[in-house]
$ cat coords18.csv   # CSV, C-alpha atoms
chain,number,residue,atom,x,y,z
S,1,MET,CA,152.7,-68.2,255.3
S,2,LYS,CA,149.1,-67.7,255.9
S,3,ILE,CA,146.5,-66.8,253.2
S,4,ILE,CA,142.8,-66.4,253.8
S,5,ILE,CA,140.6,-65.8,250.7
S,6,SER,CA,137.2,-64.3,250.8
S,7,ASN,CA,134.9,-65.1,247.9
S,8,SER,CA,132.4,-62.4,248.9
S,9,SER,CA,135.0,-59.6,248.9
S,10,SER,CA,134.8,-57.2,246.1
S,11,GLN,CA,138.6,-57.3,245.9
S,12,PRO,CA,139.9,-59.6,243.1
S,13,ILE,CA,141.4,-62.9,244.5
S,14,TYR,CA,144.8,-62.3,243.0
S,15,GLN,CA,145.0,-59.0,244.9
S,16,GLN,CA,144.0,-60.6,248.1
S,17,ILE,CA,146.9,-63.0,247.7
S,18,SER,CA,149.5,-60.5,246.7
S,19,GLN,CA,148.5,-58.1,249.5
S,20,GLN,CA,148.6,-60.7,252.2
S,21,ILE,CA,152.0,-62.0,251.1
S,22,LYS,CA,153.3,-58.4,250.8
S,23,ALA,CA,152.1,-57.6,254.3
S,24,GLN,CA,153.9,-60.7,255.7
S,25,ILE,CA,157.1,-59.7,253.9
S,26,ILE,CA,156.9,-56.2,255.3
S,27,SER,CA,156.2,-57.4,258.8
S,28,GLY,CA,159.1,-59.8,258.6
S,29,ASP,CA,156.9,-63.0,259.0
S,30,LEU,CA,158.2,-64.0,255.7
S,31,LYS,CA,162.0,-63.7,255.6
S,32,GLU,CA,164.4,-63.0,252.8
S,33,GLY,CA,165.3,-66.1,250.8
S,34,GLU,CA,162.3,-68.0,252.2
S,35,GLY,CA,160.7,-70.3,249.6
S,36,LEU,CA,157.1,-69.7,248.5
S,37,PRO,CA,154.8,-72.6,247.3
S,38,SER,CA,154.7,-73.1,243.5
S,39,ILE,CA,151.8,-71.5,241.7
S,40,ARG,CA,150.3,-75.0,241.1
S,41,LYS,CA,150.6,-76.0,244.8
S,42,LEU,CA,149.1,-72.7,245.9
S,43,ALA,CA,146.3,-73.0,243.4
S,44,GLN,CA,145.5,-76.6,244.6
S,45,GLU,CA,145.6,-75.6,248.3
S,46,LEU,CA,143.4,-72.5,247.9
S,47,HIS,CA,141.1,-74.1,245.4
S,48,ILE,CA,141.6,-71.4,242.8
S,49,SER,CA,143.0,-71.2,239.3
S,50,VAL,CA,146.7,-71.4,238.5
S,51,ILE,CA,146.1,-68.3,236.3
S,52,THR,CA,145.1,-66.4,239.5
S,53,THR,CA,148.1,-67.5,241.6
S,54,LYS,CA,150.4,-66.8,238.6
S,55,ARG,CA,148.9,-63.3,238.4
S,56,ALA,CA,149.5,-62.7,242.1
S,57,TYR,CA,153.1,-63.8,241.9
S,58,GLU,CA,153.7,-61.7,238.8
S,59,GLU,CA,152.5,-58.6,240.6
S,60,LEU,CA,154.7,-59.4,243.6
S,61,GLU,CA,157.7,-60.0,241.3
S,62,LYS,CA,157.1,-56.7,239.5
S,63,GLU,CA,157.1,-54.8,242.8
S,64,GLY,CA,160.3,-56.5,243.8
S,65,PHE,CA,159.0,-58.5,246.7
S,66,ILE,CA,159.7,-62.0,245.3
S,67,ASP,CA,162.1,-63.6,242.8
S,68,THR,CA,161.4,-66.6,240.6
S,69,VAL,CA,164.4,-68.7,239.9
S,70,GLY,CA,163.8,-70.9,236.8
S,71,GLY,CA,163.6,-74.5,237.8
S,72,LYS,CA,164.1,-73.9,241.5
S,73,GLY,CA,161.1,-72.0,242.6
S,74,THR,CA,159.9,-68.7,244.0
S,75,PHE,CA,161.6,-66.9,246.9
S,76,VAL,CA,161.2,-63.8,249.0
S,77,ALA,CA,163.5,-61.3,247.4
S,78,VAL,CA,166.4,-59.7,249.3
S,79,GLN,CA,164.8,-56.6,250.4
S,80,ASN,CA,166.5,-53.3,250.1
S,81,LYS,CA,166.2,-51.9,253.7
S,82,GLU,CA,165.8,-48.3,252.5
S,83,LEU,CA,163.2,-49.4,249.9
S,84,LEU,CA,161.3,-51.4,252.5
S,85,ARG,CA,161.3,-48.4,254.8
S,86,GLU,CA,160.1,-46.2,252.0
S,87,LYS,CA,157.3,-48.7,251.2
S,88,LYS,CA,156.2,-48.7,254.8
S,89,MET,CA,156.3,-44.9,254.9
S,90,LYS,CA,154.2,-44.8,251.8
S,91,SER,CA,151.6,-46.9,253.4
S,92,ILE,CA,151.6,-44.7,256.5
S,93,GLN,CA,151.2,-41.6,254.3
S,94,ASP,CA,148.3,-43.3,252.5
S,95,MET,CA,146.5,-43.9,255.8
S,96,MET,CA,147.2,-40.3,256.9
S,97,SER,CA,145.8,-38.8,253.8
S,98,GLU,CA,142.7,-40.9,254.3
S,99,MET,CA,142.6,-39.6,257.9
S,100,VAL,CA,142.8,-36.0,256.7
S,101,THR,CA,140.0,-36.5,254.2
S,102,GLU,CA,137.7,-38.0,256.8
S,103,ALA,CA,138.7,-35.2,259.3
S,104,GLN,CA,137.9,-32.5,256.7
S,105,LYS,CA,134.5,-34.0,256.1
S,106,LEU,CA,133.7,-33.5,259.8
S,107,GLY,CA,135.3,-30.1,259.8
S,108,ILE,CA,138.1,-31.1,262.2
S,109,GLY,CA,140.9,-28.6,262.0
S,110,LEU,CA,144.7,-29.3,261.8
S,111,SER,CA,145.4,-28.4,265.5
S,112,GLU,CA,142.5,-30.6,266.7
S,113,LEU,CA,143.8,-33.4,264.5
S,114,GLN,CA,147.4,-33.0,265.8
S,115,GLU,CA,146.0,-33.1,269.3
S,116,MET,CA,144.2,-36.3,268.7
S,117,LEU,CA,147.3,-37.8,267.2
S,118,SER,CA,149.5,-36.7,270.1
S,119,ILE,CA,147.1,-38.5,272.5
S,120,LEU,CA,147.2,-41.6,270.4
S,121,TYR,CA,150.9,-41.4,270.2
S,122,GLY,CA,151.1,-41.3,274.0
S,123,GLU,CA,152.5,-37.9,274.2
S,124,ASP,CA,149.9,-36.1,276.2
S,125,ASP,CA,152.3,-33.3,277.1
S,126,TYR,CA,151.8,-31.8,273.7
S,127,HIS,CA,150.4,-28.5,275.0
S,128,GLU,CA,153.2,-27.8,277.4
E,1,MET,CA,153.3,-72.0,226.3
E,2,THR,CA,152.0,-74.8,223.9
E,3,ASN,CA,148.4,-75.5,223.3
E,4,THR,CA,146.9,-78.9,224.1
E,5,LEU,CA,143.8,-78.2,222.1
E,6,GLU,CA,143.1,-75.7,219.2
E,7,ILE,CA,139.7,-75.7,217.6
E,8,LYS,CA,139.1,-73.3,214.7
E,9,ASN,CA,135.7,-72.7,213.0
E,10,LEU,CA,134.4,-76.2,213.8
E,11,SER,CA,131.0,-76.7,212.1
E,12,LYS,CA,128.7,-79.6,212.0
E,13,SER,CA,125.0,-79.7,211.2
E,14,TYR,CA,122.3,-82.2,211.9
E,15,LYS,CA,118.6,-82.0,210.9
E,16,ASP,CA,117.6,-80.0,213.9
E,17,PHE,CA,120.9,-78.7,215.4
E,18,GLU,CA,124.1,-77.2,214.2
E,19,LEU,CA,127.5,-76.3,215.6
E,20,ARG,CA,128.5,-73.0,214.0
E,21,ASN,CA,132.1,-71.8,213.8
E,22,VAL,CA,133.2,-73.1,217.2
E,23,SER,CA,136.7,-71.8,218.0
E,24,PHE,CA,138.6,-72.0,221.3
E,25,THR,CA,142.1,-72.9,222.6
E,26,LEU,CA,143.2,-74.7,225.7
E,27,PRO,CA,146.9,-74.0,226.7
E,28,ALA,CA,148.8,-76.9,228.3
E,29,GLY,CA,148.7,-77.2,232.0
E,30,HIS,CA,145.1,-76.0,232.4
E,31,ILE,CA,141.6,-77.1,233.0
E,32,MET,CA,138.8,-75.9,230.7
E,33,GLY,CA,135.2,-76.3,231.7
E,34,LEU,CA,132.7,-76.5,228.8
E,35,ILE,CA,129.4,-75.2,230.0
E,36,GLY,CA,126.0,-74.8,228.5
E,37,PRO,CA,122.4,-76.0,228.8
E,38,ASN,CA,121.5,-79.5,227.7
E,39,GLY,CA,121.5,-79.7,223.9
E,40,ALA,CA,123.9,-76.8,223.5
E,41,GLY,CA,126.4,-78.9,221.6
E,42,LYS,CA,129.0,-79.8,224.3
E,43,THR,CA,129.0,-83.5,223.6
E,44,THR,CA,129.1,-82.9,219.8
E,45,ILE,CA,132.2,-80.9,220.3
E,46,ILE,CA,133.8,-83.6,222.4
E,47,LYS,CA,132.9,-86.3,220.0
E,48,SER,CA,134.3,-84.2,217.1
E,49,ILE,CA,137.6,-83.9,218.9
E,50,MET,CA,137.6,-87.7,219.4
E,51,ASN,CA,136.7,-88.1,215.7
E,52,LEU,CA,133.6,-90.1,216.8
E,53,VAL,CA,131.4,-87.8,214.7
E,54,MET,CA,132.6,-86.4,211.4
E,55,LYS,CA,133.0,-82.6,211.4
E,56,GLN,CA,131.9,-80.8,208.2
E,57,ALA,CA,134.3,-77.9,208.4
E,58,GLY,CA,137.0,-76.4,210.5
E,59,GLU,CA,140.3,-77.5,212.1
E,60,ILE,CA,140.9,-79.4,215.3
E,61,LYS,CA,144.5,-79.8,216.6
E,62,VAL,CA,145.5,-81.8,219.6
E,63,PHE,CA,149.1,-81.5,220.9
E,64,GLY,CA,149.6,-79.5,217.7
E,65,LEU,CA,148.6,-82.5,215.5
E,66,ASP,CA,145.6,-82.9,213.2
E,67,HIS,CA,142.9,-84.9,215.0
E,68,GLN,CA,142.2,-87.1,211.9
E,69,SER,CA,145.5,-87.7,210.2
E,70,ASP,CA,147.4,-88.2,213.5
E,71,GLU,CA,144.5,-89.8,215.3
E,72,THR,CA,146.4,-92.8,216.6
E,73,ALA,CA,149.4,-90.8,217.9
E,74,ILE,CA,147.0,-88.4,219.6
E,75,LYS,CA,144.7,-91.0,221.2
E,76,LYS,CA,147.6,-92.7,222.9
E,77,ARG,CA,148.0,-89.6,224.9
E,78,ILE,CA,144.3,-88.9,225.6
E,79,GLY,CA,142.3,-90.3,228.4
E,80,PHE,CA,138.6,-90.2,227.5
E,81,VAL,CA,136.1,-90.4,230.3
E,82,TYR,CA,132.5,-90.9,229.0
E,83,ASP,CA,129.4,-89.7,230.9
E,84,THR,CA,128.3,-93.3,231.2
E,85,PRO,CA,131.4,-95.5,231.0
E,86,ASN,CA,130.6,-98.6,229.1
E,87,PHE,CA,132.6,-101.3,230.9
E,88,TYR,CA,132.1,-105.0,230.5
E,89,GLY,CA,129.8,-105.3,233.6
E,90,HIS,CA,130.6,-108.9,234.3
E,91,LEU,CA,134.3,-108.2,234.7
E,92,ASN,CA,136.0,-107.0,237.8
E,93,LEU,CA,138.6,-104.2,237.7
E,94,LYS,CA,141.5,-106.6,237.7
E,95,ARG,CA,140.3,-108.3,234.6
E,96,LEU,CA,139.2,-105.1,232.9
E,97,LYS,CA,142.7,-103.8,233.3
E,98,GLY,CA,144.0,-107.0,231.7
E,99,VAL,CA,141.9,-106.2,228.7
E,100,ILE,CA,142.8,-102.5,228.4
E,101,ALA,CA,146.5,-102.4,229.4
E,102,PRO,CA,147.9,-104.3,226.3
E,103,PHE,CA,146.5,-101.5,224.1
E,104,TYR,CA,148.9,-99.0,225.5
E,105,GLU,CA,152.6,-99.0,225.1
E,106,GLN,CA,152.8,-96.5,228.0
E,107,TRP,CA,150.8,-98.6,230.4
E,108,ASP,CA,152.2,-98.1,234.0
E,109,GLU,CA,151.2,-100.9,236.4
E,110,ALA,CA,152.6,-99.1,239.5
E,111,THR,CA,150.6,-96.0,238.8
E,112,PHE,CA,147.5,-98.0,238.3
E,113,THR,CA,147.9,-99.9,241.6
E,114,ASP,CA,148.6,-96.5,243.4
E,115,LEU,CA,145.5,-94.9,242.0
E,116,VAL,CA,143.3,-97.8,242.8
E,117,ASN,CA,144.4,-97.7,246.4
E,118,GLN,CA,144.2,-93.9,246.5
E,119,PHE,CA,140.6,-94.0,245.2
E,120,GLY,CA,139.7,-96.9,247.4
E,121,LEU,CA,138.5,-99.1,244.5
E,122,PRO,CA,137.9,-102.9,245.0
E,123,MET,CA,139.8,-105.0,242.5
E,124,ASN,CA,137.6,-108.1,242.8
E,125,LYS,CA,134.1,-106.7,242.8
E,126,SER,CA,132.2,-107.0,239.5
E,127,LEU,CA,131.9,-103.7,237.7
E,128,LYS,CA,128.1,-103.8,237.4
E,129,LYS,CA,128.0,-103.5,241.2
E,130,PHE,CA,130.1,-100.3,241.2
E,131,SER,CA,128.4,-97.1,242.2
E,132,ARG,CA,128.5,-94.2,239.7
E,133,GLY,CA,131.3,-92.5,241.7
E,134,MET,CA,133.4,-95.7,241.7
E,135,THR,CA,132.9,-96.1,238.0
E,136,MET,CA,134.0,-92.6,237.3
E,137,LYS,CA,137.1,-93.1,239.5
E,138,ALA,CA,137.9,-96.3,237.7
E,139,SER,CA,137.7,-94.5,234.4
E,140,ILE,CA,140.1,-91.8,235.6
E,141,ALA,CA,142.5,-94.4,237.1
E,142,LEU,CA,142.6,-96.3,233.8
E,143,ALA,CA,143.1,-93.0,231.8
E,144,LEU,CA,146.0,-91.8,234.1
E,145,SER,CA,147.7,-95.2,234.1
E,146,HIS,CA,148.6,-94.9,230.4
E,147,HIS,CA,150.1,-91.5,231.2
E,148,ALA,CA,147.4,-89.5,229.3
E,149,ASP,CA,148.5,-85.9,229.0
E,150,PHE,CA,145.0,-84.8,228.1
E,151,LEU,CA,141.9,-85.9,229.9
E,152,ILE,CA,138.6,-85.3,228.1
E,153,MET,CA,135.6,-85.9,230.3
E,154,ASP,CA,132.0,-85.6,229.3
E,155,GLU,CA,129.8,-84.7,232.3
E,156,PRO,CA,132.1,-86.5,234.8
E,157,THR,CA,130.4,-85.2,237.9
E,158,SER,CA,126.7,-85.6,236.8
E,159,GLY,CA,124.8,-88.0,239.0
E,160,LEU,CA,127.5,-87.9,241.8
E,161,ASP,CA,126.6,-87.0,245.3
E,162,PRO,CA,128.2,-83.9,246.8
E,163,VAL,CA,130.9,-85.8,248.7
E,164,VAL,CA,132.1,-87.9,245.8
E,165,ARG,CA,131.9,-84.8,243.5
E,166,ARG,CA,134.3,-83.0,245.8
E,167,GLU,CA,136.6,-86.0,245.8
E,168,MET,CA,136.6,-85.9,242.0
E,169,LEU,CA,137.4,-82.2,241.9
E,170,GLU,CA,140.2,-82.8,244.4
E,171,ILE,CA,141.6,-85.6,242.1
E,172,LEU,CA,141.6,-83.2,239.2
E,173,ARG,CA,143.5,-80.6,241.2
E,174,GLY,CA,146.0,-83.3,242.1
E,175,ILE,CA,146.5,-84.1,238.4
E,176,MET,CA,147.1,-80.5,237.6
E,177,GLN,CA,150.2,-80.4,239.7
E,178,ASP,CA,151.9,-81.8,236.6
E,179,GLU,CA,152.1,-78.8,234.3
E,180,GLN,CA,152.1,-81.0,231.2
E,181,LYS,CA,148.5,-82.3,231.9
E,182,SER,CA,145.4,-80.6,230.6
E,183,VAL,CA,141.7,-81.4,231.2
E,184,LEU,CA,138.6,-80.5,229.2
E,185,PHE,CA,135.4,-81.3,230.9
E,186,SER,CA,131.8,-80.6,230.1
E,187,SER,CA,129.2,-80.1,232.8
E,188,HIS,CA,126.0,-78.3,233.3
E,189,VAL,CA,126.7,-78.1,237.0
E,190,THR,CA,128.2,-74.6,237.0
E,191,THR,CA,129.6,-74.8,240.5
E,192,ASP,CA,131.9,-77.7,239.6
E,193,ILE,CA,133.3,-75.5,236.8
E,194,GLU,CA,133.7,-72.5,239.1
E,195,GLN,CA,135.6,-74.7,241.6
E,196,VAL,CA,138.3,-76.1,239.3
E,197,ALA,CA,138.3,-74.6,235.8
E,198,ASP,CA,141.0,-72.2,234.7
E,199,TYR,CA,139.1,-71.4,231.5
E,200,ILE,CA,135.4,-71.4,230.9
E,201,THR,CA,133.9,-71.8,227.5
E,202,TYR,CA,130.2,-71.2,227.3
E,203,ILE,CA,128.3,-72.9,224.5
E,204,HIS,CA,124.8,-72.0,223.6
E,205,HIS,CA,122.8,-73.2,220.6
E,206,GLY,CA,125.9,-74.6,219.0
E,207,ARG,CA,127.9,-71.4,219.3
E,208,VAL,CA,130.6,-70.2,221.6
E,209,VAL,CA,129.2,-67.3,223.6
E,210,PHE,CA,132.5,-66.7,225.3
E,211,CYS,CA,135.8,-68.4,226.2
E,212,LYS,CA,137.5,-66.6,229.1
E,213,THR,CA,139.7,-67.2,232.1
E,214,LYS,CA,137.8,-67.7,235.3
E,215,ASP,CA,139.2,-64.4,236.6
E,216,GLU,CA,137.8,-62.6,233.5
E,217,VAL,CA,134.4,-64.2,234.1
E,218,ASN,CA,134.4,-63.4,237.9
E,219,GLU,CA,135.7,-59.8,237.5
E,220,GLY,CA,134.0,-59.0,234.2
E,221,TYR,CA,130.4,-59.5,235.0
E,222,ALA,CA,128.1,-58.1,237.7
E,223,LEU,CA,124.4,-58.2,238.6
E,224,VAL,CA,122.7,-54.9,238.8
E,225,LYS,CA,119.5,-54.7,240.9
E,226,GLY,CA,117.2,-51.7,241.2
E,227,GLY,CA,113.8,-50.1,240.7
E,228,ASN,CA,112.0,-50.5,237.4
E,229,GLU,CA,111.7,-46.7,237.0
E,230,LEU,CA,115.5,-46.7,236.2
E,231,LEU,CA,115.0,-48.8,233.0
E,232,ASP,CA,114.8,-47.1,229.6
E,233,ALA,CA,116.3,-47.6,226.2
E,234,ASP,CA,119.4,-45.7,227.3
E,235,THR,CA,120.1,-47.4,230.6
E,236,ARG,CA,119.4,-50.8,229.1
E,237,ARG,CA,122.2,-50.4,226.7
E,238,ASN,CA,124.7,-51.4,229.4
E,239,LEU,CA,122.8,-54.5,230.3
E,240,ILE,CA,123.0,-57.9,228.6
E,241,ALA,CA,119.5,-58.9,229.7
E,242,VAL,CA,117.0,-57.8,232.2
E,243,ARG,CA,114.6,-59.7,234.3
E,244,SER,CA,112.0,-57.3,235.5
E,245,GLY,CA,109.5,-58.1,238.3
E,246,GLN,CA,106.8,-56.4,240.3
E,247,PHE,CA,109.2,-54.9,242.8
E,248,GLY,CA,112.2,-54.2,240.7
E,249,PHE,CA,114.6,-55.5,238.1
E,250,GLU,CA,117.7,-57.7,238.1
E,251,ALA,CA,120.1,-57.5,235.2
E,252,LEU,CA,123.5,-58.8,234.0
E,253,THR,CA,126.2,-56.4,232.8
E,254,ASP,CA,129.6,-57.1,231.3
E,255,ASP,CA,130.7,-53.5,231.6
E,256,VAL,CA,130.5,-52.7,235.3
E,257,GLN,CA,132.2,-49.3,234.9
E,258,SER,CA,129.7,-48.0,232.4
E,259,ALA,CA,126.9,-49.3,234.5
E,260,ARG,CA,128.2,-47.5,237.5
E,261,LYS,CA,128.4,-44.2,235.5
E,262,VAL,CA,124.8,-44.7,234.4
E,263,PHE,CA,123.2,-45.9,237.6
E,264,GLY,CA,125.6,-44.6,240.2
E,265,ASP,CA,124.5,-45.5,243.8
E,266,SER,CA,120.8,-45.8,242.8
E,267,VAL,CA,121.2,-49.6,242.3
E,268,VAL,CA,122.8,-52.5,244.1
E,269,TYR,CA,125.8,-54.3,242.4
E,270,ASP,CA,126.3,-58.0,243.2
E,271,LYS,CA,128.7,-60.6,242.0
E,272,ALA,CA,127.4,-62.7,239.2
E,273,THR,CA,127.9,-66.4,239.4
E,274,VAL,CA,128.4,-68.6,236.3
E,275,GLU,CA,124.9,-69.7,236.7
E,276,ASP,CA,123.6,-66.1,236.6
E,277,ILE,CA,125.7,-65.5,233.5
E,278,MET,CA,124.2,-68.5,231.8
E,279,PHE,CA,120.7,-67.6,232.8
E,280,PHE,CA,120.9,-64.1,231.5
E,281,HIS,CA,122.6,-65.1,228.2
E,282,ASN,CA,119.8,-67.6,227.8
E,283,LEU,CA,117.2,-64.8,228.4
E,284,LYS,CA,119.0,-62.6,225.8
E,285,ALA,CA,118.9,-65.4,223.3
E,286,LYS,CA,115.2,-65.8,223.8
E,287,ALA,CA,114.6,-62.1,223.4
E,288,ASP,CA,116.7,-61.9,220.2
$ encode --input "coords18.csv" --output "structure tokens"
Amino acid sequence: MKIIISNSSSQPIYQQISQQIKAQIISGDLKEGEGLPSIRKLAQELHISVITTKRAYEELEKEGFIDTVGGKGTFVAVQNKELLREKKMKSIQDMMSEMVTEAQKLGIGLSELQEMLSILYGEDDYHE
Amino acid sequence: MTNTLEIKNLSKSYKDFELRNVSFTLPAGHIMGLIGPNGAGKTTIIKSIMNLVMKQAGEIKVFGLDHQSDETAIKKRIGFVYDTPNFYGHLNLKRLKGVIAPFYEQWDEATFTDLVNQFGLPMNKSLKKFSRGMTMKASIALALSHHADFLIMDEPTSGLDPVVRREMLEILRGIMQDEQKSVLFSSHVTTDIEQVADYITYIHHGRVVFCKTKDEVNEGYALVKGGNELLDADTRRNLIAVRSGQFGFEALTDDVQSARKVFGDSVVYDKATVEDIMFFHNLKAKAD
């Protein structure tokens, strides 16, 4: 597990932690059943409050990414493959809607955008 | 979650100073930093908890017990670290331990030896030759060796150089791996508090200005900086205090959302440090 915290970021620290752990679970760097450090250990290592690490873990637990087993510790939850795919799809959709908004600001039409996407996708025979 | 310390409406007045209705709570397993300018009342609060000064009103509970009627039971579980530890200077650490250990049923020789090694303290050097950092470390080692669950420290980092100060904070973080332990420490060095505290209680003129988690403090306040022409009675309503200069103003807000509605993109928003928060509250107190 790797966590880098920025004190100058406008994003709250607990969110920085939960997002980075989430990303590592989605990418598969953190595997199902893998143990996470305790909130106290993580707080000590990152030089932050246990209240902050607890908040980060609570958020991850609420979203089903991790499980806390009383007395044993915190583990990466068994991920529902469908659900995981859905979560990834959702993040792609979010990026796409951001892309559409930016394109609209510049007056780029749908076909032009599709063309740009095709080139990026490596399918330059789009027009044929 | 149980509370290690509960203070309700603590009051105490002296000729030229008074503590007024001080209330705050420290849940077990956490570090609370008591901040405030010199003379704000931090030491009086600590001495009241230890029953070294008589409170005039209010309630103080430690481990859920009354701090006066259960004083002995409580003090066995408290480690008190003074700002200037008053050791017998002619003794060395080995002999001082011999004096202190018999007072505690819970004395743990192995823990003491471990800590002395970990902190790199000499056993045979006379205490008057100890540096300030060594003295503080010795106090902490003695407190932890009788398995104190609650460390109360008055200005533990004042007068320490930055390297030793960091070591001290690291020691505190290590202690907190045990979720039964709690720490209350006062300091006017705000960066120490920002680095280790879970809760921050800000005392000013004998009153509690706020008692919040560090996250609430970090996320709840912001500095607003902009041109003086933006200031009027309306826009000032969202600002706790304003420092206006020749080239613009700088202000503290505890309601960033409202401030954004009022000022929009015409100002710069910056993170407020604990020092900023203290400075502007002090400014407000002067203006009131």
$ closest_residue --input "coords18.csv" --among "E:Leu230, E:Ala287, E:Val99, E:Ala197" --to "Ala43 (chain S)" --atoms "only C-alpha atoms"
E:Ala197
$ interface_residues --input "coords18.csv" --of "chain S" --to "chain E" --cutoff "9 Å" --atoms "only C-alpha atoms" --output "list in words"
Ser8, Ser10, Pro12, Ile13, Tyr14, Arg40, Lys41, Ala43, Gln44, Glu45, His47, Ile48, Ser49, Val50, Ile51 and Thr52 of chain S
$ write_last_selection --input "coords18.csv" --atoms "C-alpha atoms" --output "PDB file, in the frame of the given file"
ATOM      1  CA  SER S   8     132.400 -62.400 248.900  1.00  0.00           C
ATOM      2  CA  SER S  10     134.800 -57.200 246.100  1.00  0.00           C
ATOM      3  CA  PRO S  12     139.900 -59.600 243.100  1.00  0.00           C
ATOM      4  CA  ILE S  13     141.400 -62.900 244.500  1.00  0.00           C
ATOM      5  CA  TYR S  14     144.800 -62.300 243.000  1.00  0.00           C
ATOM      6  CA  ARG S  40     150.300 -75.000 241.100  1.00  0.00           C
ATOM      7  CA  LYS S  41     150.600 -76.000 244.800  1.00  0.00           C
ATOM      8  CA  ALA S  43     146.300 -73.000 243.400  1.00  0.00           C
ATOM      9  CA  GLN S  44     145.500 -76.600 244.600  1.00  0.00           C
ATOM     10  CA  GLU S  45     145.600 -75.600 248.300  1.00  0.00           C
ATOM     11  CA  HIS S  47     141.100 -74.100 245.400  1.00  0.00           C
ATOM     12  CA  ILE S  48     141.600 -71.400 242.800  1.00  0.00           C
ATOM     13  CA  SER S  49     143.000 -71.200 239.300  1.00  0.00           C
ATOM     14  CA  VAL S  50     146.700 -71.400 238.500  1.00  0.00           C
ATOM     15  CA  ILE S  51     146.100 -68.300 236.300  1.00  0.00           C
ATOM     16  CA  THR S  52     145.100 -66.400 239.500  1.00  0.00           C
TER      17      THR S  52
END
$ closest_residue --input "coords18.csv" --among "E:Phe210, E:Tyr104, E:Tyr202, E:Tyr82" --to "Thr157 (chain E)" --atoms "only C-alpha atoms"
E:Tyr82
$ atom_distance --input "coords18.csv" --atom1 "CA of Ile240 (chain E)" --atom2 "CA of Lys284 (chain E)"
6.8 Å
$ closest_residue --input "coords18.csv" --among "S:Lys81, S:Lys105, S:Lys87, S:Lys2" --to "Leu46 (chain S)" --atoms "only C-alpha atoms"
S:Lys2
$ residues_around --input "coords18.csv" --residues "Lys47 (chain E)" --least-positions-apart "4" --cutoff "12 Å" --atoms "all atoms listed in the file" --output "list in words"
Leu10, Lys12, Gly41, Lys42, Thr43, Asn51, Leu52, Val53, Met54, Lys55, Ile60, His67, Phe80, Val81, Tyr82, Asp83, Ile152, Met153, Asp154 and Ser186 of chain E
$ closest_residue --input "coords18.csv" --among "S:Ser111, S:Phe65, S:Glu34, S:Gly70" --to "Gln20 (chain S)" --atoms "all atoms listed in the file"
S:Phe65
$ residues_near_point --input "coords18.csv" --point "(148.8, -59.3, 249.2)" --cutoff "12 Å" --atoms "all atoms listed in the file" --output "VMD selection string"
chain S and resid 1 to 5 11 to 26 53 55 to 61 63 65 to 66
$ atom_distance --input "coords18.csv" --atom1 "CA of Lys88 (chain S)" --atom2 "CA of Tyr121 (chain S)"
17.8 Å
$ residues_around --input "coords18.csv" --residues "Arg95 (chain E)" --least-positions-apart "6" --cutoff "12 Å" --atoms "all atoms listed in the file" --output "ChimeraX atom specification"
/E:87-89,101-102,122-127
$ residues_near_point --input "coords18.csv" --point "(131.5, -79.2, 232.3)" --cutoff "10 Å" --atoms "only C-alpha atoms" --output "MDAnalysis selection string"
chainID E and resid 32:36 42 153:158 184:194 197 200:202
$ atom_distance --input "coords18.csv" --atom1 "CA of Ile49 (chain E)" --atom2 "CA of Tyr14 (chain E)"
16.9 Å
$ residues_around --input "coords18.csv" --residues "Ile277 (chain E)" --least-positions-apart "4" --cutoff "8 Å" --atoms "only C-alpha atoms" --output "PyMOL selection string"
chain E and resi 221+252+272-273+281
$ closest_residue --input "coords18.csv" --among "E:Thr235, E:Gly220, E:Glu6, E:Gln246" --to "Val274 (chain E)" --atoms "all atoms listed in the file"
E:Gly220
$ residues_around --input "coords18.csv" --residues "region 111-114 of chain E" --least-positions-apart "4" --cutoff "12 Å" --atoms "all atoms listed in the file" --output "list in words"
Leu93, Lys94, Lys97, Gly98, Ile100, Ala101, Gln106, Trp107, Gln118, Phe119, Gly120, Leu121, Pro122, Met123, Lys137, Ala138, Ser139, Ile140, Ala141, Leu142, Ala143, Leu144, Ser145, His146, His147 and Ala148 of chain E
$ closest_residue --input "coords18.csv" --among "E:Gly39, E:Met134, E:Arg77, E:Pro162" --to "Phe150 (chain E)" --atoms "all atoms listed in the file"
E:Arg77
